[in-house]
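Okay, protein-v3.cif now, which holds mmCIF, C-alpha atoms and all ligand atoms:
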```cif
data_my_file
#
loop_
_atom_site.label_atom_id
_atom_site.label_comp_id
_atom_site.auth_asym_id
_atom_site.auth_seq_id
_atom_site.Cartn_x
_atom_site.Cartn_y
_atom_site.Cartn_z
CA MET U 1121 0.00 0.00 0.00
CA THR U 1122 2.76 2.42 1.04
CA LYS U 1123 4.60 1.54 -2.17
CA ILE U 1124 1.53 2.32 -4.30
CA LEU U 1125 1.04 5.67 -2.56
CA LEU U 1126 4.71 6.55 -3.08
CA ALA U 1127 4.52 5.58 -6.76
CA SER U 1128 1.52 7.82 -7.40
CA ALA U 1129 3.04 10.66 -5.40
CA SER U 1130 6.22 10.55 -7.50
CA ALA U 1131 4.13 10.44 -10.71
CA LEU U 1132 2.41 13.61 -9.50
CA VAL U 1133 5.71 15.30 -8.71
CA LEU U 1134 7.22 14.34 -12.10
CA GLY U 1135 4.02 15.56 -13.72
CA THR U 1136 4.39 14.03 -17.17
CA ALA U 1137 4.02 10.31 -16.49
CA ALA U 1138 0.44 10.40 -15.25
CA SER U 1139 -1.39 12.40 -17.94
CA ALA U 1140 -1.10 12.80 -21.70
CA GLN U 1141 0.58 15.91 -23.06
CA VAL U 1142 -1.88 18.18 -24.79
CA VAL U 1143 -0.75 19.70 -28.11
CA GLY U 1144 -2.76 22.24 -30.08
CA PHE U 1145 -2.41 21.99 -33.87
CA SER U 1146 -3.40 24.98 -35.98
CA GLN U 1147 -3.63 23.59 -39.51
CA ILE U 1148 -4.07 25.86 -42.56
CA GLY U 1149 -6.95 23.93 -44.11
CA SER U 1150 -7.21 21.20 -46.70
CA GLU U 1151 -6.23 22.95 -49.92
CA SER U 1152 -4.21 20.04 -51.28
CA GLY U 1153 -3.74 16.29 -51.10
CA TRP U 1154 -0.41 16.93 -49.41
CA ARG U 1155 -2.08 19.00 -46.69
CA ALA U 1156 -4.67 16.27 -46.05
CA ALA U 1157 -1.83 13.76 -45.67
CA GLU U 1158 0.04 16.02 -43.26
CA THR U 1159 -3.09 16.25 -41.09
CA THR U 1160 -3.57 12.47 -41.12
CA VAL U 1161 0.09 11.74 -40.34
CA THR U 1162 0.09 14.29 -37.49
CA GLN U 1163 -2.98 12.65 -35.95
CA GLN U 1164 -1.41 9.19 -36.33
CA GLU U 1165 1.92 10.31 -34.82
CA ALA U 1166 0.12 11.91 -31.87
CA GLU U 1167 -1.94 8.80 -31.25
CA ALA U 1168 1.10 6.53 -31.43
CA ARG U 1169 2.82 8.65 -28.76
CA GLY U 1170 -0.21 8.99 -26.50
CA ILE U 1171 -0.41 12.74 -27.16
CA ASP U 1172 -3.81 14.44 -26.89
CA LEU U 1173 -3.93 16.45 -30.15
CA GLN U 1174 -6.39 19.36 -30.30
CA PHE U 1175 -6.97 20.04 -33.99
CA SER U 1176 -8.09 23.36 -35.47
CA ASP U 1177 -8.73 23.88 -39.21
CA ALA U 1178 -8.23 27.55 -40.19
CA GLN U 1179 -9.85 27.25 -43.61
CA GLN U 1180 -7.00 29.22 -45.20
CA LYS U 1181 -7.50 32.27 -42.96
CA GLN U 1182 -4.67 33.71 -40.87
CA GLU U 1183 -7.15 35.33 -38.46
CA ASN U 1184 -8.57 31.86 -37.70
CA GLN U 1185 -5.07 30.59 -36.99
CA ILE U 1186 -4.31 33.50 -34.66
CA ALA U 1187 -7.60 32.87 -32.82
CA ALA U 1188 -6.77 29.15 -32.55
CA VAL U 1189 -3.30 29.82 -31.14
CA ARG U 1190 -4.80 32.28 -28.61
CA SER U 1191 -7.33 29.70 -27.54
CA PHE U 1192 -4.57 27.05 -27.13
CA VAL U 1193 -2.64 29.54 -24.97
CA ALA U 1194 -5.74 30.26 -22.87
CA GLN U 1195 -6.27 26.52 -22.49
CA GLY U 1196 -2.68 26.11 -21.25
CA VAL U 1197 -1.67 23.36 -23.69
CA ASP U 1198 1.80 21.78 -23.41
CA ALA U 1199 2.84 22.82 -26.94
CA ILE U 1200 1.47 24.27 -30.17
CA LEU U 1201 2.05 23.09 -33.73
CA LEU U 1202 1.51 25.87 -36.26
CA ALA U 1203 1.48 25.50 -40.05
CA PRO U 1204 1.40 29.21 -40.91
CA VAL U 1205 -0.64 30.08 -44.01
CA VAL U 1206 1.45 33.21 -44.74
CA ALA U 1207 4.88 34.32 -43.56
CA THR U 1208 4.08 37.69 -41.97
CA GLY U 1209 1.92 38.91 -39.07
CA TRP U 1210 2.74 36.36 -36.35
CA ASP U 1211 4.83 38.38 -33.86
CA ALA U 1212 2.08 39.30 -31.39
CA VAL U 1213 0.53 35.86 -31.02
CA LEU U 1214 3.92 34.12 -30.87
CA GLU U 1215 4.94 36.53 -28.12
CA GLU U 1216 1.77 35.61 -26.20
CA ALA U 1217 2.67 31.91 -26.44
CA LYS U 1218 6.23 32.63 -25.35
CA GLU U 1219 5.04 34.64 -22.35
CA ALA U 1220 2.84 31.71 -21.37
CA GLU U 1221 5.95 29.47 -21.74
CA ILE U 1222 4.24 27.30 -24.36
CA PRO U 1223 6.70 26.04 -26.99
CA VAL U 1224 5.58 26.57 -30.59
CA VAL U 1225 6.80 24.35 -33.43
CA LEU U 1226 6.31 25.57 -37.00
CA LEU U 1227 5.37 22.92 -39.53
CA ASP U 1228 6.23 23.01 -43.25
CA ARG U 1229 6.06 26.81 -43.73
CA MET U 1230 8.15 29.60 -42.24
CA VAL U 1231 7.35 32.95 -40.63
CA ASP U 1232 9.37 36.17 -40.72
CA SER U 1233 9.27 36.52 -36.89
CA ASP U 1234 12.36 36.41 -34.70
CA PRO U 1235 13.39 32.75 -34.22
CA SER U 1236 13.41 33.29 -30.42
CA LEU U 1237 9.58 33.31 -30.65
CA TYR U 1238 9.34 29.61 -31.58
CA LEU U 1239 11.10 26.46 -30.39
CA THR U 1240 11.91 25.05 -33.81
CA ALA U 1241 10.60 24.73 -37.37
CA VAL U 1242 10.28 21.44 -39.24
CA GLY U 1243 10.26 21.71 -43.01
CA SER U 1244 12.09 21.27 -46.27
CA ASP U 1245 14.48 23.66 -47.98
CA LEU U 1246 11.79 25.35 -50.06
CA VAL U 1247 14.26 27.29 -52.21
CA HIS U 1248 16.11 24.05 -52.98
CA GLU U 1249 12.85 22.40 -54.12
CA GLY U 1250 12.37 25.14 -56.72
CA GLU U 1251 16.02 24.86 -57.76
CA VAL U 1252 15.68 21.11 -58.31
CA ALA U 1253 12.59 21.71 -60.50
CA GLY U 1254 14.36 24.46 -62.50
CA GLN U 1255 17.54 22.41 -62.98
CA TRP U 1256 15.50 19.42 -64.13
CA LEU U 1257 13.80 21.56 -66.77
CA ALA U 1258 17.11 23.10 -67.90
CA GLU U 1259 18.51 19.60 -68.43
CA GLN U 1260 15.43 18.50 -70.36
CA VAL U 1261 15.33 21.35 -72.83
CA GLY U 1262 19.07 21.84 -73.37
CA GLU U 1263 19.59 24.71 -75.81
CA GLU U 1264 15.99 24.71 -77.13
CA PRO U 1265 13.94 27.85 -76.46
CA CYS U 1266 11.38 27.20 -73.73
CA ARG U 1267 8.52 29.46 -72.63
CA VAL U 1268 7.44 28.51 -69.11
CA VAL U 1269 4.17 29.23 -67.33
CA GLU U 1270 4.23 29.20 -63.54
CA LEU U 1271 1.42 28.41 -61.11
CA GLN U 1272 2.40 29.95 -57.82
CA GLY U 1273 1.23 28.88 -54.37
CA THR U 1274 -0.72 31.01 -51.92
CA THR U 1275 0.44 34.62 -52.16
CA GLY U 1276 2.60 35.60 -49.19
CA SER U 1277 3.22 32.00 -48.10
CA SER U 1278 6.85 30.94 -47.66
CA PRO U 1279 6.62 28.05 -50.18
CA ALA U 1280 5.25 30.40 -52.85
CA ILE U 1281 8.02 32.94 -52.22
CA ASP U 1282 10.85 30.40 -51.94
CA ARG U 1283 9.80 28.00 -54.70
CA ALA U 1284 9.49 30.95 -57.11
CA GLN U 1285 13.00 32.11 -56.17
CA GLY U 1286 14.44 28.60 -56.29
CA PHE U 1287 13.13 27.91 -59.77
CA ARG U 1288 14.63 31.17 -61.02
CA ASN U 1289 17.96 30.13 -59.47
CA GLY U 1290 17.66 26.75 -61.16
CA ILE U 1291 17.25 28.19 -64.67
CA GLU U 1292 19.78 30.97 -64.17
CA GLY U 1293 22.28 31.15 -67.01
CA HIS U 1294 19.84 29.44 -69.41
CA ALA U 1295 18.75 32.43 -71.51
CA ASN U 1296 16.67 30.10 -73.71
CA ILE U 1297 14.28 29.46 -70.78
CA GLU U 1298 11.85 32.28 -70.08
CA ILE U 1299 8.99 32.52 -67.57
CA VAL U 1300 6.27 34.15 -69.66
CA GLN U 1301 3.25 33.83 -67.33
CA SER U 1302 3.13 33.61 -63.55
CA GLN U 1303 0.06 33.71 -61.35
CA THR U 1304 -1.18 32.23 -58.10
CA GLY U 1305 -3.39 29.14 -58.15
CA ASP U 1306 -3.54 29.18 -54.31
CA PHE U 1307 -2.23 25.59 -54.10
CA THR U 1308 -5.63 24.20 -55.18
CA ARG U 1309 -6.55 21.89 -58.02
CA ALA U 1310 -9.55 24.00 -59.04
CA GLN U 1311 -7.57 27.23 -59.30
CA GLY U 1312 -4.70 25.46 -61.00
CA LYS U 1313 -7.12 24.48 -63.75
CA THR U 1314 -8.73 27.92 -64.03
CA VAL U 1315 -5.44 29.80 -64.18
CA MET U 1316 -3.98 27.30 -66.66
CA GLU U 1317 -6.99 27.89 -68.92
CA ALA U 1318 -6.13 31.60 -68.91
CA PHE U 1319 -2.45 30.83 -69.64
CA LEU U 1320 -3.42 28.62 -72.58
CA GLN U 1321 -5.63 31.33 -74.00
CA ALA U 1322 -2.92 33.97 -73.62
CA GLU U 1323 -0.28 31.71 -75.19
CA ASN U 1324 -1.73 30.86 -78.59
CA GLY U 1325 -3.96 28.08 -77.30
CA GLY U 1326 -0.92 26.60 -75.54
CA ALA U 1327 1.15 26.25 -78.73
CA ASP U 1328 3.64 28.80 -77.35
CA ILE U 1329 4.05 27.04 -74.01
CA CYS U 1330 6.95 24.61 -73.57
CA ALA U 1331 6.59 23.83 -69.86
CA LEU U 1332 4.47 24.28 -66.77
CA TYR U 1333 6.08 24.76 -63.37
CA ALA U 1334 3.52 24.40 -60.56
CA HIS U 1335 4.39 25.08 -56.92
CA ASN U 1336 2.42 21.98 -55.95
CA ASP U 1337 1.11 18.79 -57.55
CA ASP U 1338 -2.55 19.60 -57.00
CA MET U 1339 -2.33 22.71 -59.18
CA ALA U 1340 -0.41 20.66 -61.76
CA VAL U 1341 -3.17 18.02 -61.78
CA GLY U 1342 -5.80 20.75 -62.36
CA ALA U 1343 -3.64 22.27 -65.11
CA ILE U 1344 -3.17 18.87 -66.79
CA GLN U 1345 -6.94 18.66 -67.11
CA ALA U 1346 -7.02 22.15 -68.71
CA ILE U 1347 -4.23 21.19 -71.14
CA LYS U 1348 -6.12 18.05 -72.20
CA GLU U 1349 -9.35 20.01 -72.66
CA ALA U 1350 -7.40 22.43 -74.90
CA GLY U 1351 -6.55 19.46 -77.16
CA LEU U 1352 -2.88 19.23 -76.16
CA LYS U 1353 -0.88 16.41 -74.59
CA PRO U 1354 0.42 17.25 -71.11
CA GLY U 1355 3.83 15.69 -70.53
CA GLU U 1356 4.62 15.87 -74.26
CA ASP U 1357 3.38 19.12 -75.83
CA ILE U 1358 3.79 20.85 -72.48
CA LEU U 1359 6.28 19.48 -69.94
CA VAL U 1360 4.91 19.41 -66.37
CA VAL U 1361 7.10 19.74 -63.27
CA SER U 1362 5.76 20.32 -59.77
CA ILE U 1363 6.35 19.71 -56.06
CA ASP U 1364 4.95 17.41 -53.32
CA ALA U 1365 4.99 13.84 -54.73
CA VAL U 1366 1.33 13.05 -53.99
CA PRO U 1367 -0.21 9.84 -55.39
CA ASP U 1368 -2.22 11.64 -58.09
CA ILE U 1369 0.88 13.12 -59.71
CA PHE U 1370 2.45 9.65 -59.87
CA GLN U 1371 -0.68 8.42 -61.59
CA ALA U 1372 -0.33 11.28 -64.09
CA MET U 1373 3.37 10.44 -64.52
CA ALA U 1374 2.54 6.77 -65.11
CA ALA U 1375 0.12 7.90 -67.84
CA GLY U 1376 2.84 10.11 -69.38
CA GLU U 1377 0.92 13.30 -68.51
CA ALA U 1378 3.37 14.72 -65.95
CA ASN U 1379 7.14 14.58 -66.04
CA ALA U 1380 8.68 15.27 -62.64
CA THR U 1381 7.90 16.09 -59.02
CA VAL U 1382 10.01 17.03 -56.00
CA GLU U 1383 9.00 15.19 -52.84
CA LEU U 1384 7.86 16.97 -49.70
CA THR U 1385 7.26 14.51 -46.87
CA PRO U 1386 3.93 14.92 -45.06
CA ASN U 1387 5.57 13.60 -41.90
CA MET U 1388 6.56 16.86 -40.24
CA ALA U 1389 4.95 15.79 -36.96
CA GLY U 1390 7.35 12.90 -36.24
CA PRO U 1391 10.44 15.15 -35.97
CA ALA U 1392 8.31 17.85 -34.26
CA PHE U 1393 7.10 15.48 -31.51
CA ASP U 1394 10.64 14.07 -31.07
CA ALA U 1395 11.94 17.61 -30.49
CA LEU U 1396 9.08 18.40 -28.11
CA GLN U 1397 9.57 15.20 -26.13
CA ALA U 1398 13.26 16.02 -25.54
CA TYR U 1399 12.27 19.56 -24.56
CA TRP U 1400 9.61 18.34 -22.13
CA ASP U 1401 11.92 15.65 -20.69
CA ASN U 1402 14.95 17.77 -19.90
CA GLY U 1403 14.65 21.16 -21.57
CA THR U 1404 16.77 20.18 -24.59
CA GLU U 1405 16.63 23.00 -27.14
CA PRO U 1406 16.47 21.60 -30.69
CA GLU U 1407 18.12 23.19 -33.72
CA LYS U 1408 16.02 26.13 -34.96
CA PHE U 1409 15.37 24.34 -38.25
CA ILE U 1410 14.86 20.59 -38.64
CA GLN U 1411 15.17 19.87 -42.34
CA THR U 1412 13.30 17.13 -44.17
CA GLU U 1413 14.50 15.62 -47.46
CA SER U 1414 13.56 16.77 -50.99
CA LYS U 1415 13.88 14.06 -53.65
CA LEU U 1416 13.26 14.39 -57.38
CA TYR U 1417 11.06 11.76 -59.07
CA THR U 1418 10.73 11.45 -62.83
CA GLN U 1419 8.88 9.07 -65.15
CA ALA U 1420 11.92 6.76 -64.85
CA ASP U 1421 11.28 6.22 -61.13
CA ASP U 1422 8.48 3.66 -61.28
CA PRO U 1423 5.58 6.13 -60.94
CA GLN U 1424 2.96 3.36 -60.81
CA GLY U 1425 4.84 1.71 -57.94
CA GLU U 1426 5.14 5.07 -56.14
CA TYR U 1427 1.39 5.59 -56.61
CA ASP U 1428 0.65 2.15 -55.15
CA ARG U 1429 2.97 2.78 -52.20
CA ARG U 1430 1.38 6.12 -51.31
CA LYS U 1431 -2.29 5.82 -52.17
CA GLY U 1432 -3.38 4.54 -48.74
CA LEU U 1433 -1.36 7.05 -46.73
CA GLY U 1434 -4.00 9.72 -46.15
CA TYR U 1435 -3.45 11.88 -49.25
O1 LIG U 1501 3.54 24.30 -47.30
C1 LIG U 1501 3.59 23.19 -48.12
C2 LIG U 1501 2.66 23.33 -49.27
O2 LIG U 1501 1.37 23.61 -48.83
C3 LIG U 1501 2.49 22.09 -50.12
O3 LIG U 1501 3.46 21.96 -51.09
C4 LIG U 1501 1.17 22.35 -50.72
O4 LIG U 1501 0.60 21.27 -51.37
C5 LIG U 1501 0.45 22.78 -49.51
O5 LIG U 1501 -0.74 23.27 -49.70
#
```
Kindly present the structure from the file in structure tokens form.
Amino acid sequence: MTKILLASASALVLGTAASAQVVGFSQIGSESGWRAAETTVTQQEAEARGIDLQFSDAQQKQENQIAAVRSFVAQGVDAILLAPVVATGWDAVLEEAKEAEIPVVLLDRMVDSDPSLYLTAVGSDLVHEGEVAGQWLAEQVGEEPCRVVELQGTTGSSPAIDRAQGFRNGIEGHANIEIVQSQTGDFTRAQGKTVMEAFLQAENGGADICALYAHNDDMAVGAIQAIKEAGLKPGEDILVVSIDAVPDIFQAMAAGEANATVELTPNMAGPAFDALQAYWDNGTEPEKFIQTESKLYTQADDPQGEYDRRKGLGY
């Protein structure tokens, strides 16, 4: 009896052993297959670790995310995961979390706030992703002239800013490659299609377009539909390169309708929870940026097999 009492008393003193850690997750929304997979993986990772995950869907609105973070702070959660829709405007709410001593981990997108306002950020090198896409295209076209249309991600988001810059770095020195149209498709399939229709119209029905660079696969998939409806062959008449590596783009690659994608893992939560656990256990401060891998896939990389491997993973 005495032993049991002592055991529960020490669990109370240590604090963490007795009850699950509560983590608030402010997710952007569900604009893409990749985003849906990130949500699923985060929920699975939390469950596997016995973490109580409080999920909030901001439906693409920064004000909803700020309200969610404030409510997590008021609730006194043990940590906050934040996938920030845009890069600016986070200082005040991050300061509130810091004052409340609640560690914040950024997932997949960056903010322009001082790094002291968050514990760490888990994500890929977004500039590098764009560079890989640009270099792939430069290799494909060689010396041939190539007019490129670009579907950008959500305006003001770090992947839209960095993937645009990276692609331009990747084609630097290749004067034959020119970006002739560039517009946001907000990372959605529907807007990717609509904007691509406008590009096709502006570019001689698509005859003047050599390649499409889309900041994510969902916009590329929408654009592929528009290209087909315009009577052209995506993947042949217009090369298609994008980012994410979701199952649908592998299906398009297997059908010869897309050419290349740069992988972004949806498992940002695994490294985030590892960093949080070490922080909770003994105050270990992680690196300010935990980088995930970016791998290029082309039609030569068994796209059907990649589709089969990924299709059940929550995309
Ligand atoms: O921040 C990552 C990007 O956001 C993904 O590439 C895109 O699909 C998502 O919406």
Item to check | Env. residues ligand LIG 1501 (chain U) / 7 Å / all atoms listed in the file / as number ranges by chain | outcome: U: 1151-1155, 1228-1229, 1279, 1307, 1335-1338, 1363-1364, 1384
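Rounded to one decimal, atom CA of U:Gln1164 and atom CA of U:Tyr1435 lie 13.4 Å from each other.
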Next on the checklist: When you look at stretch 1316-1324 of chain U with a cut-off of 7 Å (counting all atoms listed in the file), what residues show up, excluding the ones that are within fewer than 3 positions of it in the same chain? I need them as a PyMOL selection string.
Outcome noted: chain U and resi 1301+1312-1313+1327-1329+1343+1346
Next on the checklist: I want to know what sits within 7 Å of U:Tyr1427, based on all atoms listed in the file, with residues of the same chain fewer than 5 positions away left out; could you give that as a list of chain:residue names?
Outcome noted: U:Pro1367, U:Phe1370, U:Gln1371
Checklist entry - Near stretch 1193-1209 of chain U, within 9 Å and counting all atoms listed in the file, which residues show up once chain neighbours fewer than 4 positions away are dropped, as a ChimeraX atom specification? => result /U:1141-1149,1178,1180-1182,1185,1188-1189,1213,1216-1217,1220-1233,1274-1278,1389,1392,1396,1400
Output of the above residues as a short mmCIF file (atom, residue, chain, number, x, y, z; two decimals), keeping the file's coordinate frame, restricted to C-alpha atoms:
```cif
data_model
loop_
_atom_site.label_atom_id
_atom_site.label_comp_id
_atom_site.auth_asym_id
_atom_site.auth_seq_id
_atom_site.Cartn_x
_atom_site.Cartn_y
_atom_site.Cartn_z
CA GLN U 1141 0.58 15.91 -23.06
CA VAL U 1142 -1.88 18.18 -24.79
CA VAL U 1143 -0.75 19.70 -28.11
CA GLY U 1144 -2.76 22.24 -30.08
CA PHE U 1145 -2.41 21.99 -33.87
CA SER U 1146 -3.40 24.98 -35.98
CA GLN U 1147 -3.63 23.59 -39.51
CA ILE U 1148 -4.07 25.86 -42.56
CA GLY U 1149 -6.95 23.93 -44.11
CA ALA U 1178 -8.23 27.55 -40.19
CA GLN U 1180 -7.00 29.22 -45.20
CA LYS U 1181 -7.50 32.27 -42.96
CA GLN U 1182 -4.67 33.71 -40.87
CA GLN U 1185 -5.07 30.59 -36.99
CA ALA U 1188 -6.77 29.15 -32.55
CA VAL U 1189 -3.30 29.82 -31.14
CA VAL U 1213 0.53 35.86 -31.02
CA GLU U 1216 1.77 35.61 -26.20
CA ALA U 1217 2.67 31.91 -26.44
CA ALA U 1220 2.84 31.71 -21.37
CA GLU U 1221 5.95 29.47 -21.74
CA ILE U 1222 4.24 27.30 -24.36
CA PRO U 1223 6.70 26.04 -26.99
CA VAL U 1224 5.58 26.57 -30.59
CA VAL U 1225 6.80 24.35 -33.43
CA LEU U 1226 6.31 25.57 -37.00
CA LEU U 1227 5.37 22.92 -39.53
CA ASP U 1228 6.23 23.01 -43.25
CA ARG U 1229 6.06 26.81 -43.73
CA MET U 1230 8.15 29.60 -42.24
CA VAL U 1231 7.35 32.95 -40.63
CA ASP U 1232 9.37 36.17 -40.72
CA SER U 1233 9.27 36.52 -36.89
CA THR U 1274 -0.72 31.01 -51.92
CA THR U 1275 0.44 34.62 -52.16
CA GLY U 1276 2.60 35.60 -49.19
CA SER U 1277 3.22 32.00 -48.10
CA SER U 1278 6.85 30.94 -47.66
CA ALA U 1389 4.95 15.79 -36.96
CA ALA U 1392 8.31 17.85 -34.26
CA LEU U 1396 9.08 18.40 -28.11
CA TRP U 1400 9.61 18.34 -22.13
#
```
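Interatomic distance, atom CA of U:Thr1418 to atom CA of U:Ala1258: 14.2 Å.
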Item to check | Coordinates-based distance that separates atom CA of U:Ser1191 from atom CA of U:Asp1172 (Å, one decimal) | outcome: 15.7 Å
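With only C-alpha atoms as the basis for measurement, U:Pro1386 is the residue among U:Gly1286, U:Gly1243, U:Gly1250, U:Pro1386 that approaches U:Leu1433 most closely.
Among the candidates U:Pro1406, U:Gly1434, U:Gly1293, U:Gly1326, the one nearest to U:Ala1241 when counting only C-alpha atoms is U:Pro1406.
Nearest to U:Ala1168 of all the residues U:Ala1365, U:Phe1393, U:Ser1244, U:Ala1295 is U:Phe1393, based on all atoms listed in the file.
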Next on the checklist: What's around U:Gln1255 at 10 Å? Count only C-alpha atoms, leave out sequence neighbours fewer than 2 positions away in its own chain, and write the answer as an MDAnalysis selection string.
Outcome noted: chainID U and resid 1250:1253 1257:1260 1286:1292 1294
Contacts of U:Pro1391 at 9 Å (only C-alpha atoms; same-chain gap of 5+ positions) as a CSV table (one decimal) with C-alpha atoms, in the coordinates of the input:
```csv
chain,number,residue,atom,x,y,z
U,1242,VAL,CA,10.3,21.4,-39.2
U,1396,LEU,CA,9.1,18.4,-28.1
U,1410,ILE,CA,14.9,20.6,-38.6
U,1412,THR,CA,13.3,17.1,-44.2
```
Checklist entry - Using only C-alpha atoms, what residues lie at most 10 Å away from (13.9, 12.6, -52.2) (file coordinates), given as a VMD selection string? => result chain U and resid 1365 1381 to 1385 1412 to 1417
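The residue that comes closest to U:Asp1394, out of U:Glu1165, U:Glu1270, U:Glu1215, U:Glu1158 and on the basis of all atoms listed in the file, is U:Glu1165.
Among the candidates U:Val1161, U:Leu1332, U:Leu1239, U:Val1315, the residue lying nearest to U:Val1269 is U:Leu1332 (atoms considered: all atoms listed in the file).
When all atoms listed in the file are used to compute distances to U:Arg1283, the closest of the residues U:Pro1423, U:Gly1254, U:Gly1432, U:Pro1265 turns out to be U:Gly1254.
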